[in-house]
>>> print(open('final03.cif').read())   # mmCIF, C-alpha atoms
data_run
#
loop_
_atom_site.group_PDB
_atom_site.id
_atom_site.type_symbol
_atom_site.label_atom_id
_atom_site.label_comp_id
_atom_site.auth_asym_id
_atom_site.auth_seq_id
_atom_site.Cartn_x
_atom_site.Cartn_y
_atom_site.Cartn_z
ATOM 1 C CA MET A 165 -14.884 10.534 -12.618
ATOM 2 C CA GLN A 166 -18.672 10.604 -12.147
ATOM 3 C CA GLN A 167 -19.188 11.637 -15.766
ATOM 4 C CA LEU A 168 -16.721 9.009 -16.959
ATOM 5 C CA ILE A 169 -18.319 5.988 -15.296
ATOM 6 C CA HIS A 170 -21.937 7.097 -15.672
ATOM 7 C CA THR A 171 -21.981 8.791 -19.077
ATOM 8 C CA GLU A 172 -18.861 8.183 -21.140
ATOM 9 C CA LEU A 173 -18.635 4.454 -20.351
ATOM 10 C CA ALA A 174 -21.326 1.793 -20.352
ATOM 11 C CA ALA A 175 -23.049 1.950 -16.959
ATOM 12 C CA ASP A 176 -24.693 -1.483 -16.979
ATOM 13 C CA GLY A 177 -23.751 -3.500 -13.893
ATOM 14 C CA LEU A 178 -22.652 -0.380 -12.007
ATOM 15 C CA PHE A 179 -24.075 -0.182 -8.486
ATOM 16 C CA ASP A 180 -23.667 1.616 -5.176
ATOM 17 C CA ILE A 181 -22.349 -0.782 -2.545
ATOM 18 C CA GLY A 182 -24.519 0.952 0.030
ATOM 19 C CA ARG A 183 -22.223 0.325 2.979
ATOM 20 C CA PRO A 184 -19.516 2.561 4.461
ATOM 21 C CA VAL A 185 -15.804 2.197 5.169
ATOM 22 C CA TRP A 186 -14.984 2.013 8.879
ATOM 23 C CA LEU A 187 -11.643 2.354 10.669
ATOM 24 C CA PHE A 188 -9.564 0.098 12.907
ATOM 25 C CA ASP A 189 -6.377 0.725 14.888
ATOM 26 C CA GLN A 190 -3.372 -1.304 16.000
ATOM 27 C CA ALA A 191 -5.330 -2.787 18.908
ATOM 28 C CA GLY A 192 -8.148 -3.836 16.592
ATOM 29 C CA ALA A 193 -10.679 -1.282 17.859
ATOM 30 C CA ILE A 194 -13.277 -0.550 15.162
ATOM 31 C CA VAL A 195 -15.038 2.819 14.796
ATOM 32 C CA PRO A 196 -17.161 4.450 12.062
ATOM 33 C CA GLY A 197 -15.275 6.235 9.301
ATOM 34 C CA ASP A 198 -15.488 9.778 7.993
ATOM 35 C CA PRO A 199 -19.225 10.617 7.659
ATOM 36 C CA LEU A 200 -18.653 13.007 4.757
ATOM 37 C CA LEU A 201 -16.660 10.495 2.725
ATOM 38 C CA ASN A 202 -19.100 7.706 3.544
ATOM 39 C CA ALA A 203 -22.016 9.874 2.406
ATOM 40 C CA GLU A 204 -20.656 9.646 -1.127
ATOM 41 C CA PRO A 205 -21.671 6.670 -3.306
ATOM 42 C CA GLN A 206 -19.326 3.675 -3.202
ATOM 43 C CA TRP A 207 -19.404 2.477 -6.805
ATOM 44 C CA ALA A 208 -18.596 -1.044 -7.970
ATOM 45 C CA TYR A 209 -19.416 -3.354 -10.879
ATOM 46 C CA THR A 210 -21.310 -6.615 -10.490
ATOM 47 C CA ALA A 211 -18.711 -8.334 -12.696
ATOM 48 C CA GLY A 212 -15.750 -6.907 -10.731
ATOM 49 C CA ILE A 213 -13.739 -3.696 -10.630
ATOM 50 C CA ASN A 214 -11.668 -4.757 -13.654
ATOM 51 C CA GLN A 215 -14.736 -3.792 -15.679
ATOM 52 C CA LEU A 216 -13.483 -0.209 -15.466
ATOM 53 C CA ALA A 217 -10.265 -1.064 -17.320
ATOM 54 C CA LYS A 218 -12.088 -3.268 -19.821
ATOM 55 C CA ARG A 219 -14.562 -0.518 -20.658
ATOM 56 C CA LEU A 220 -11.850 2.097 -20.978
ATOM 57 C CA ALA A 221 -10.119 -0.173 -23.505
ATOM 58 C CA ALA A 222 -13.301 -1.206 -25.334
ATOM 59 C CA ASP A 223 -12.420 0.690 -28.524
ATOM 60 C CA ALA A 224 -8.701 -0.098 -28.453
ATOM 61 C CA GLU A 225 -6.775 -2.916 -30.074
ATOM 62 C CA VAL A 226 -5.259 -4.835 -27.170
ATOM 63 C CA ARG A 227 -2.496 -7.379 -27.751
ATOM 64 C CA ARG A 228 -1.830 -9.808 -24.923
ATOM 65 C CA GLU A 229 1.243 -11.858 -24.043
ATOM 66 C CA VAL A 230 3.584 -9.543 -25.952
ATOM 67 C CA ARG A 231 6.495 -8.160 -23.942
ATOM 68 C CA VAL A 232 7.604 -4.877 -25.495
ATOM 69 C CA ALA A 233 11.248 -4.110 -24.696
ATOM 70 C CA ALA A 234 12.241 -1.021 -26.697
ATOM 71 C CA LEU A 235 11.375 1.578 -29.305
ATOM 72 C CA ARG A 236 13.352 2.431 -32.411
ATOM 73 C CA ARG A 237 12.861 5.653 -34.361
ATOM 74 C CA VAL A 238 12.582 4.996 -38.103
ATOM 75 C CA GLY A 239 11.876 8.132 -40.099
ATOM 76 C CA ASP A 240 8.898 9.880 -38.506
ATOM 77 C CA ALA A 241 7.570 6.769 -36.788
ATOM 78 C CA TRP A 242 8.340 4.498 -33.868
ATOM 79 C CA ARG A 243 9.026 0.812 -34.400
ATOM 80 C CA ILE A 244 7.891 -1.201 -31.382
ATOM 81 C CA GLN A 245 10.190 -4.116 -30.590
ATOM 82 C CA THR A 246 10.170 -7.194 -28.371
ATOM 83 C CA GLU A 247 13.098 -8.540 -26.360
ATOM 84 C CA ASP A 248 14.414 -10.533 -29.325
ATOM 85 C CA GLY A 249 14.341 -7.443 -31.559
ATOM 86 C CA SER A 250 11.240 -8.405 -33.502
ATOM 87 C CA ASP A 251 8.899 -5.622 -34.647
ATOM 88 C CA VAL A 252 5.322 -5.836 -33.386
ATOM 89 C CA GLY A 253 4.024 -2.614 -34.858
ATOM 90 C CA GLN A 254 4.533 0.997 -35.792
ATOM 91 C CA ALA A 255 3.225 4.191 -34.163
ATOM 92 C CA ASP A 256 3.437 7.921 -34.758
ATOM 93 C CA MET A 257 3.465 8.572 -31.010
ATOM 94 C CA VAL A 258 3.823 6.392 -27.935
ATOM 95 C CA LEU A 259 2.226 6.740 -24.499
ATOM 96 C CA LEU A 260 4.002 4.938 -21.638
ATOM 97 C CA THR A 261 1.914 4.094 -18.558
ATOM 98 C CA ALA A 262 4.018 1.497 -16.741
ATOM 99 C CA PRO A 263 5.278 2.387 -13.215
ATOM 100 C CA GLY A 264 8.163 4.863 -13.128
ATOM 101 C CA PRO A 265 11.076 2.403 -12.737
ATOM 102 C CA GLN A 266 9.717 0.114 -15.458
ATOM 103 C CA SER A 267 9.146 3.039 -17.820
ATOM 104 C CA ALA A 268 12.680 4.258 -17.029
ATOM 105 C CA ALA A 269 14.180 0.909 -18.055
ATOM 106 C CA PHE A 270 12.104 0.991 -21.226
ATOM 107 C CA VAL A 271 13.265 4.501 -22.110
ATOM 108 C CA ALA A 272 16.900 3.609 -21.419
ATOM 109 C CA ALA A 273 16.655 0.735 -23.908
ATOM 110 C CA SER A 274 15.088 2.875 -26.631
ATOM 111 C CA GLY A 275 16.671 5.053 -29.259
ATOM 112 C CA LEU A 276 15.564 8.678 -28.977
ATOM 113 C CA ALA A 277 16.451 11.646 -31.156
ATOM 114 C CA GLY A 278 18.963 13.889 -29.397
ATOM 115 C CA ASP A 279 19.347 11.122 -26.838
ATOM 116 C CA PRO A 280 17.341 12.617 -23.932
ATOM 117 C CA ARG A 281 17.237 9.144 -22.382
ATOM 118 C CA PRO A 282 19.349 9.868 -19.278
ATOM 119 C CA THR A 283 17.235 12.907 -18.350
ATOM 120 C CA LEU A 284 13.924 11.134 -18.918
ATOM 121 C CA ALA A 285 15.029 7.981 -17.123
ATOM 122 C CA ALA A 286 16.221 9.980 -14.104
ATOM 123 C CA ALA A 287 12.840 11.720 -13.860
ATOM 124 C CA LEU A 288 10.999 8.396 -14.101
ATOM 125 C CA GLU A 289 13.175 6.806 -11.431
ATOM 126 C CA ARG A 290 12.474 9.585 -8.931
ATOM 127 C CA PRO A 291 9.258 8.105 -7.454
ATOM 128 C CA VAL A 292 9.984 5.501 -4.775
ATOM 129 C CA TYR A 293 7.292 2.849 -4.665
ATOM 130 C CA ARG A 294 5.895 1.026 -1.669
ATOM 131 C CA ARG A 295 5.110 -2.643 -2.123
ATOM 132 C CA CYS A 296 1.746 -4.226 -1.431
ATOM 133 C CA LEU A 297 0.940 -7.865 -0.694
ATOM 134 C CA THR A 298 -2.716 -8.820 -0.997
ATOM 135 C CA LEU A 299 -4.304 -11.987 0.368
ATOM 136 C CA THR A 300 -7.750 -13.227 -0.636
ATOM 137 C CA LEU A 301 -9.339 -15.720 1.759
ATOM 138 C CA ALA A 302 -12.651 -17.573 1.357
ATOM 139 C CA TYR A 303 -14.811 -18.950 4.183
ATOM 140 C CA ASP A 304 -17.853 -21.206 4.416
ATOM 141 C CA GLN A 305 -19.444 -18.980 7.043
ATOM 142 C CA PRO A 306 -21.227 -15.625 6.873
ATOM 143 C CA ILE A 307 -19.316 -12.606 8.201
ATOM 144 C CA ASP A 308 -21.905 -9.859 8.331
ATOM 145 C CA ARG A 309 -20.833 -6.357 9.356
ATOM 146 C CA PRO A 310 -22.327 -2.861 8.877
ATOM 147 C CA PHE A 311 -19.337 -1.890 6.648
ATOM 148 C CA TYR A 312 -17.888 -3.275 3.448
ATOM 149 C CA ALA A 313 -14.266 -2.420 4.292
ATOM 150 C CA LEU A 314 -11.937 -1.420 7.116
ATOM 151 C CA LEU A 315 -9.037 1.034 6.842
ATOM 152 C CA ASN A 316 -6.203 1.071 9.376
ATOM 153 C CA SER A 317 -6.301 4.568 10.865
ATOM 154 C CA ASP A 318 -3.019 4.714 12.793
ATOM 155 C CA ARG A 319 -0.835 2.885 10.230
ATOM 156 C CA GLN A 320 0.486 0.671 12.999
ATOM 157 C CA HIS A 321 -1.220 -2.582 12.040
ATOM 158 C CA PRO A 322 0.383 -4.994 9.535
ATOM 159 C CA ILE A 323 -2.865 -4.910 7.539
ATOM 160 C CA ALA A 324 -3.735 -1.607 5.861
ATOM 161 C CA TRP A 325 -7.092 -2.525 4.322
ATOM 162 C CA ILE A 326 -9.662 -5.271 4.871
ATOM 163 C CA GLY A 327 -12.326 -5.703 2.225
ATOM 164 C CA LEU A 328 -15.486 -7.729 2.778
ATOM 165 C CA GLU A 329 -16.089 -8.593 -0.862
ATOM 166 C CA HIS A 330 -19.250 -10.567 -0.119
ATOM 167 C CA ALA A 331 -20.807 -7.304 1.155
ATOM 168 C CA LYS A 332 -20.737 -6.017 -2.439
ATOM 169 C CA GLY A 333 -23.401 -8.411 -3.649
ATOM 170 C CA ASP A 334 -24.241 -12.073 -4.040
ATOM 171 C CA ARG A 335 -22.116 -12.500 -7.191
ATOM 172 C CA ARG A 336 -18.909 -12.282 -5.155
ATOM 173 C CA CYS A 337 -19.372 -15.700 -3.504
ATOM 174 C CA PRO A 338 -22.092 -18.302 -2.757
ATOM 175 C CA ALA A 339 -24.775 -17.586 -0.166
ATOM 176 C CA GLY A 340 -23.659 -18.312 3.380
ATOM 177 C CA HIS A 341 -20.002 -17.815 2.437
ATOM 178 C CA SER A 342 -17.604 -14.901 2.843
ATOM 179 C CA LEU A 343 -14.689 -13.531 0.843
ATOM 180 C CA LEU A 344 -12.108 -11.318 2.545
ATOM 181 C CA ILE A 345 -9.302 -9.298 0.964
ATOM 182 C CA ALA A 346 -6.428 -8.141 3.158
ATOM 183 C CA GLN A 347 -3.924 -5.643 1.805
ATOM 184 C CA LEU A 348 -0.775 -5.511 3.889
ATOM 185 C CA ALA A 349 0.879 -2.254 4.902
ATOM 186 C CA PRO A 350 4.082 -1.317 3.026
ATOM 187 C CA GLN A 351 6.517 -2.422 5.749
ATOM 188 C CA ALA A 352 4.694 -5.686 6.365
ATOM 189 C CA SER A 353 4.594 -6.317 2.610
ATOM 190 C CA THR A 354 8.327 -5.735 2.214
ATOM 191 C CA GLU A 355 9.213 -7.910 5.212
ATOM 192 C CA ARG A 356 7.063 -10.795 3.942
ATOM 193 C CA TRP A 357 7.656 -10.440 0.214
ATOM 194 C CA HIS A 358 9.306 -13.853 -0.105
ATOM 195 C CA VAL A 359 7.183 -15.713 2.464
ATOM 196 C CA ALA A 360 5.423 -18.735 0.966
ATOM 197 C CA ALA A 361 1.707 -18.254 0.333
ATOM 198 C CA PRO A 362 0.486 -20.881 2.869
ATOM 199 C CA ASP A 363 2.600 -19.406 5.667
ATOM 200 C CA LEU A 364 1.582 -15.880 4.764
ATOM 201 C CA ALA A 365 -2.106 -16.848 4.640
ATOM 202 C CA ALA A 366 -1.879 -18.411 8.098
ATOM 203 C CA GLU A 367 -0.384 -15.222 9.546
ATOM 204 C CA VAL A 368 -2.909 -12.968 7.827
ATOM 205 C CA ALA A 369 -5.809 -15.178 8.946
ATOM 206 C CA GLU A 370 -4.605 -14.779 12.531
ATOM 207 C CA TRP A 371 -4.590 -10.984 12.165
ATOM 208 C CA LEU A 372 -8.047 -10.989 10.589
ATOM 209 C CA SER A 373 -9.380 -13.087 13.440
ATOM 210 C CA GLY A 374 -8.157 -10.492 15.921
ATOM 211 C CA VAL A 375 -9.664 -7.535 14.059
ATOM 212 C CA LEU A 376 -13.035 -9.054 13.131
ATOM 213 C CA GLY A 377 -13.477 -10.978 16.380
ATOM 214 C CA VAL A 378 -14.149 -14.369 14.812
ATOM 215 C CA ASP A 379 -11.967 -17.434 14.227
ATOM 216 C CA LEU A 380 -10.759 -17.163 10.627
ATOM 217 C CA ARG A 381 -7.742 -19.441 10.855
ATOM 218 C CA ARG A 382 -9.147 -22.118 8.517
ATOM 219 C CA PRO A 383 -10.094 -20.595 5.148
ATOM 220 C CA LEU A 384 -11.516 -22.762 2.384
ATOM 221 C CA TRP A 385 -8.831 -21.416 0.062
ATOM 222 C CA HIS A 386 -6.496 -18.468 -0.257
ATOM 223 C CA ASP A 387 -4.712 -16.583 -2.993
ATOM 224 C CA ARG A 388 -1.657 -14.318 -2.867
ATOM 225 C CA GLN A 389 -0.867 -11.364 -5.132
ATOM 226 C CA GLY A 390 2.028 -8.937 -4.839
ATOM 227 C CA TRP A 391 2.572 -5.526 -6.423
ATOM 228 C CA ARG A 392 6.194 -4.371 -6.347
ATOM 229 C CA PHE A 393 5.266 -0.894 -7.623
ATOM 230 C CA ALA A 394 2.015 -0.310 -5.767
ATOM 231 C CA LEU A 395 2.119 3.176 -4.236
ATOM 232 C CA PRO A 396 4.432 6.005 -5.343
ATOM 233 C CA ASP A 397 5.763 8.283 -2.616
ATOM 234 C CA ALA A 398 6.693 11.149 -4.921
ATOM 235 C CA ALA A 399 5.792 12.480 -8.333
ATOM 236 C CA ALA A 400 8.042 12.465 -11.358
ATOM 237 C CA ASP A 401 8.943 15.868 -12.781
ATOM 238 C CA ALA A 402 6.232 16.416 -15.412
ATOM 239 C CA GLN A 403 8.126 19.296 -17.029
ATOM 240 C CA VAL A 404 11.174 17.118 -17.599
ATOM 241 C CA LEU A 405 9.056 14.328 -19.043
ATOM 242 C CA ALA A 406 7.321 16.801 -21.347
ATOM 243 C CA ALA A 407 10.596 17.019 -23.260
ATOM 244 C CA GLY A 408 9.885 13.552 -24.582
ATOM 245 C CA SER A 409 6.990 14.940 -26.616
ATOM 246 C CA GLU A 410 9.499 16.354 -29.109
ATOM 247 C CA ALA A 411 10.308 12.761 -29.975
ATOM 248 C CA GLY A 412 6.651 11.692 -29.878
ATOM 249 C CA LEU A 413 6.937 10.087 -26.445
ATOM 250 C CA PHE A 414 4.353 10.749 -23.719
ATOM 251 C CA PHE A 415 3.722 9.518 -20.184
ATOM 252 C CA ALA A 416 0.722 8.914 -17.935
ATOM 253 C CA GLY A 417 0.132 7.156 -14.626
ATOM 254 C CA ASP A 418 0.169 7.568 -10.882
ATOM 255 C CA PHE A 419 3.916 8.334 -10.971
ATOM 256 C CA LEU A 420 2.904 11.756 -12.301
ATOM 257 C CA THR A 421 0.632 12.368 -9.298
ATOM 258 C CA GLY A 422 2.754 10.912 -6.505
ATOM 259 C CA GLN A 423 -0.308 9.128 -5.097
ATOM 260 C CA GLY A 424 -1.560 5.617 -5.745
ATOM 261 C CA ARG A 425 -5.158 6.532 -6.569
ATOM 262 C CA VAL A 426 -7.124 5.104 -9.480
ATOM 263 C CA HIS A 427 -8.993 8.318 -10.248
ATOM 264 C CA LEU A 428 -5.746 10.320 -10.340
ATOM 265 C CA ALA A 429 -4.121 7.816 -12.683
ATOM 266 C CA ILE A 430 -7.172 7.969 -14.957
ATOM 267 C CA GLU A 431 -7.099 11.761 -14.924
ATOM 268 C CA SER A 432 -3.428 11.630 -15.892
ATOM 269 C CA GLY A 433 -4.358 9.459 -18.863
ATOM 270 C CA ARG A 434 -7.160 11.807 -19.864
ATOM 271 C CA ARG A 435 -4.773 14.759 -19.875
ATOM 272 C CA ALA A 436 -2.337 12.814 -22.038
ATOM 273 C CA GLY A 437 -5.193 11.922 -24.382
ATOM 274 C CA ILE A 438 -6.080 15.601 -24.763
ATOM 275 C CA VAL A 439 -2.488 16.413 -25.703
ATOM 276 C CA LEU A 440 -2.446 13.628 -28.295
ATOM 277 C CA ALA A 441 -5.803 14.729 -29.691
ATOM 278 C CA GLN A 442 -4.582 18.302 -30.029
ATOM 279 C CA ALA A 443 -1.585 16.979 -31.940
ATOM 280 C CA GLY A 444 -4.023 15.333 -34.361
ATOM 281 C CA ILE A 445 -3.055 11.803 -33.347
ATOM 282 C CA ALA A 446 -5.928 10.477 -31.223
#
>>> encode(input="final03.cif", output="structure tokens")
Amino acid sequence: MQQLIHTELAADGLFDIGRPVWLFDQAGAIVPGDPLLNAEPQWAYTAGINQLAKRLAADAEVRREVRVAALRRVGDAWRIQTEDGSDVGQADMVLLTAPGPQSAAFVAASGLAGDPRPTLAAALERPVYRRCLTLTLAYDQPIDRPFYALLNSDRQHPIAWIGLEHAKGDRRCPAGHSLLIAQLAPQASTERWHVAAPDLAAEVAEWLSGVLGVDLRRPLWHDRQGWRFALPDAAADAQVLAAGSEAGLFFAGDFLTGQGRVHLAIESGRRAGIVLAQAGIA
């Protein structure tokens, strides 16, 4: 990962946050985090973490607002089709990176030689995903702490992670303001999945007030984002999925690692890229 972000990708705008991650428990008690982990650099981009994805895709042709629904084998190639059956392109091989259940539905709708669809779909459906609700809240007051994030250590609090985005540099929000990100724990996310954003923000602001020890019940604005397939609890059977390579179908993503970690998902993609390169495709 170090070589990737520092050498293989453009490193402009990359910086070390310079602050650690601390821990908090159900009662809201805050203590320093693991000294060994916090001794490592905490990398971020001045323009936002999505820079990593943008730089990984810098040399790729990316088509937006196209919902691919199925594949059809025509001769030695794949025809890529939308929901209405229209072709959007042709490929010698296909790499699927969507979460397991979504990839399973895609495979089930596609025509594969020898029809290995049931076996592949079953392997992709094996990982059970935990949901994650994330709230972003902005404030017109400074919230200065010696850490840039808090991690719930006992997994008993409804919030799993609190990020102080303004601690990552002055480009995150105006001077004298603060920007907090609260990621809810899996159970809290599931229980509140359909709660309206204003009501959810009010509840989260109350929790944040208790943890950070300051009244945060009146944010300037808030934003809600939910990930249905956020964290896999198990890994798909890689050997079973490898059978798809006979039909030119490959897989990569955190469902192959069983852990929702960016670096593991990237490593999965790198391994898939090596396989494709060895096949003379990439």
>>> atom_distance(input="final03.cif", atom1="CA of His341 (chain A)", atom2="CA of Ala208 (chain A)")
19.8 Å
>>> residues_around(input="final03.cif", residues="region 253-269 of chain A", least_positions_apart="6", cutoff="6 Å", atoms="all atoms listed in the file", output="count of residues only")
14
>>> resolve_selection(input="final03.cif", expression="the PyMOL selection byres ((chain A and resi 216) around 12)", output="list in words")
Met165, Leu168, Ile169, His170, Glu172, Leu173, Ala174, Ala175, Asp176, Gly177, Leu178, Trp207, Ala208, Tyr209, Thr210, Ala211, Gly212, Ile213, Asn214, Gln215, Ala217, Lys218, Arg219, Leu220, Ala221, Ala222, Val426, His427 and Ile430 of chain A
>>> closest_residue(input="final03.cif", among="A:Thr421, A:Gln190, A:Gln389, A:Gln166", to="Gly374 (chain A)", atoms="only C-alpha atoms")
A:Gln190
>>> resolve_selection(input="final03.cif", expression="the PyMOL selection byres ((chain A and resi 343) around 10)", output="list in words")
Thr300, Leu301, Ala302, Tyr303, Asp304, Gln305, Pro306, Ile307, Gly327, Leu328, Glu329, His330, Ala331, Arg336, Cys337, Pro338, His341, Ser342, Leu344, Ile345, Pro383, Leu384, Trp385 and His386 of chain A
>>> resolve_selection(input="final03.cif", expression="the PyMOL selection byres ((chain A and resi 180) around 6)", output="PDB file with C-alpha atoms, in the coordinates of the input")
ATOM      1  CA  PHE A 179     -24.075  -0.182  -8.486  1.00  0.00           C
ATOM      2  CA  ILE A 181     -22.349  -0.782  -2.545  1.00  0.00           C
ATOM      3  CA  GLY A 182     -24.519   0.952   0.030  1.00  0.00           C
ATOM      4  CA  PRO A 205     -21.671   6.670  -3.306  1.00  0.00           C
ATOM      5  CA  GLN A 206     -19.326   3.675  -3.202  1.00  0.00           C
ATOM      6  CA  TRP A 207     -19.404   2.477  -6.805  1.00  0.00           C
TER       7      TRP A 207
END
>>> residues_around(input="final03.cif", residues="Asn316 (chain A)", least_positions_apart="5", cutoff="8 Å", atoms="all atoms listed in the file", output="CSV table (one decimal) with C-alpha atoms, in the coordinates of the input")
chain,number,residue,atom,x,y,z
A,187,LEU,CA,-11.6,2.4,10.7
A,188,PHE,CA,-9.6,0.1,12.9
A,189,ASP,CA,-6.4,0.7,14.9
A,190,GLN,CA,-3.4,-1.3,16.0
A,321,HIS,CA,-1.2,-2.6,12.0
A,323,ILE,CA,-2.9,-4.9,7.5
A,324,ALA,CA,-3.7,-1.6,5.9
A,325,TRP,CA,-7.1,-2.5,4.3
>>> closest_residue(input="final03.cif", among="A:Phe270, A:Ala224, A:Gly390, A:Asp418", to="Thr246 (chain A)", atoms="only C-alpha atoms")
A:Phe270
>>> residues_around(input="final03.cif", residues="Arg231 (chain A)", least_positions_apart="3", cutoff="10 Å", atoms="all atoms listed in the file", output="NGL selection string")
:A and (227-228 or 234 or 245-248 or 252)
>>> atom_distance(input="final03.cif", atom1="CA of Arg281 (chain A)", atom2="CA of Leu420 (chain A)")
17.7 Å
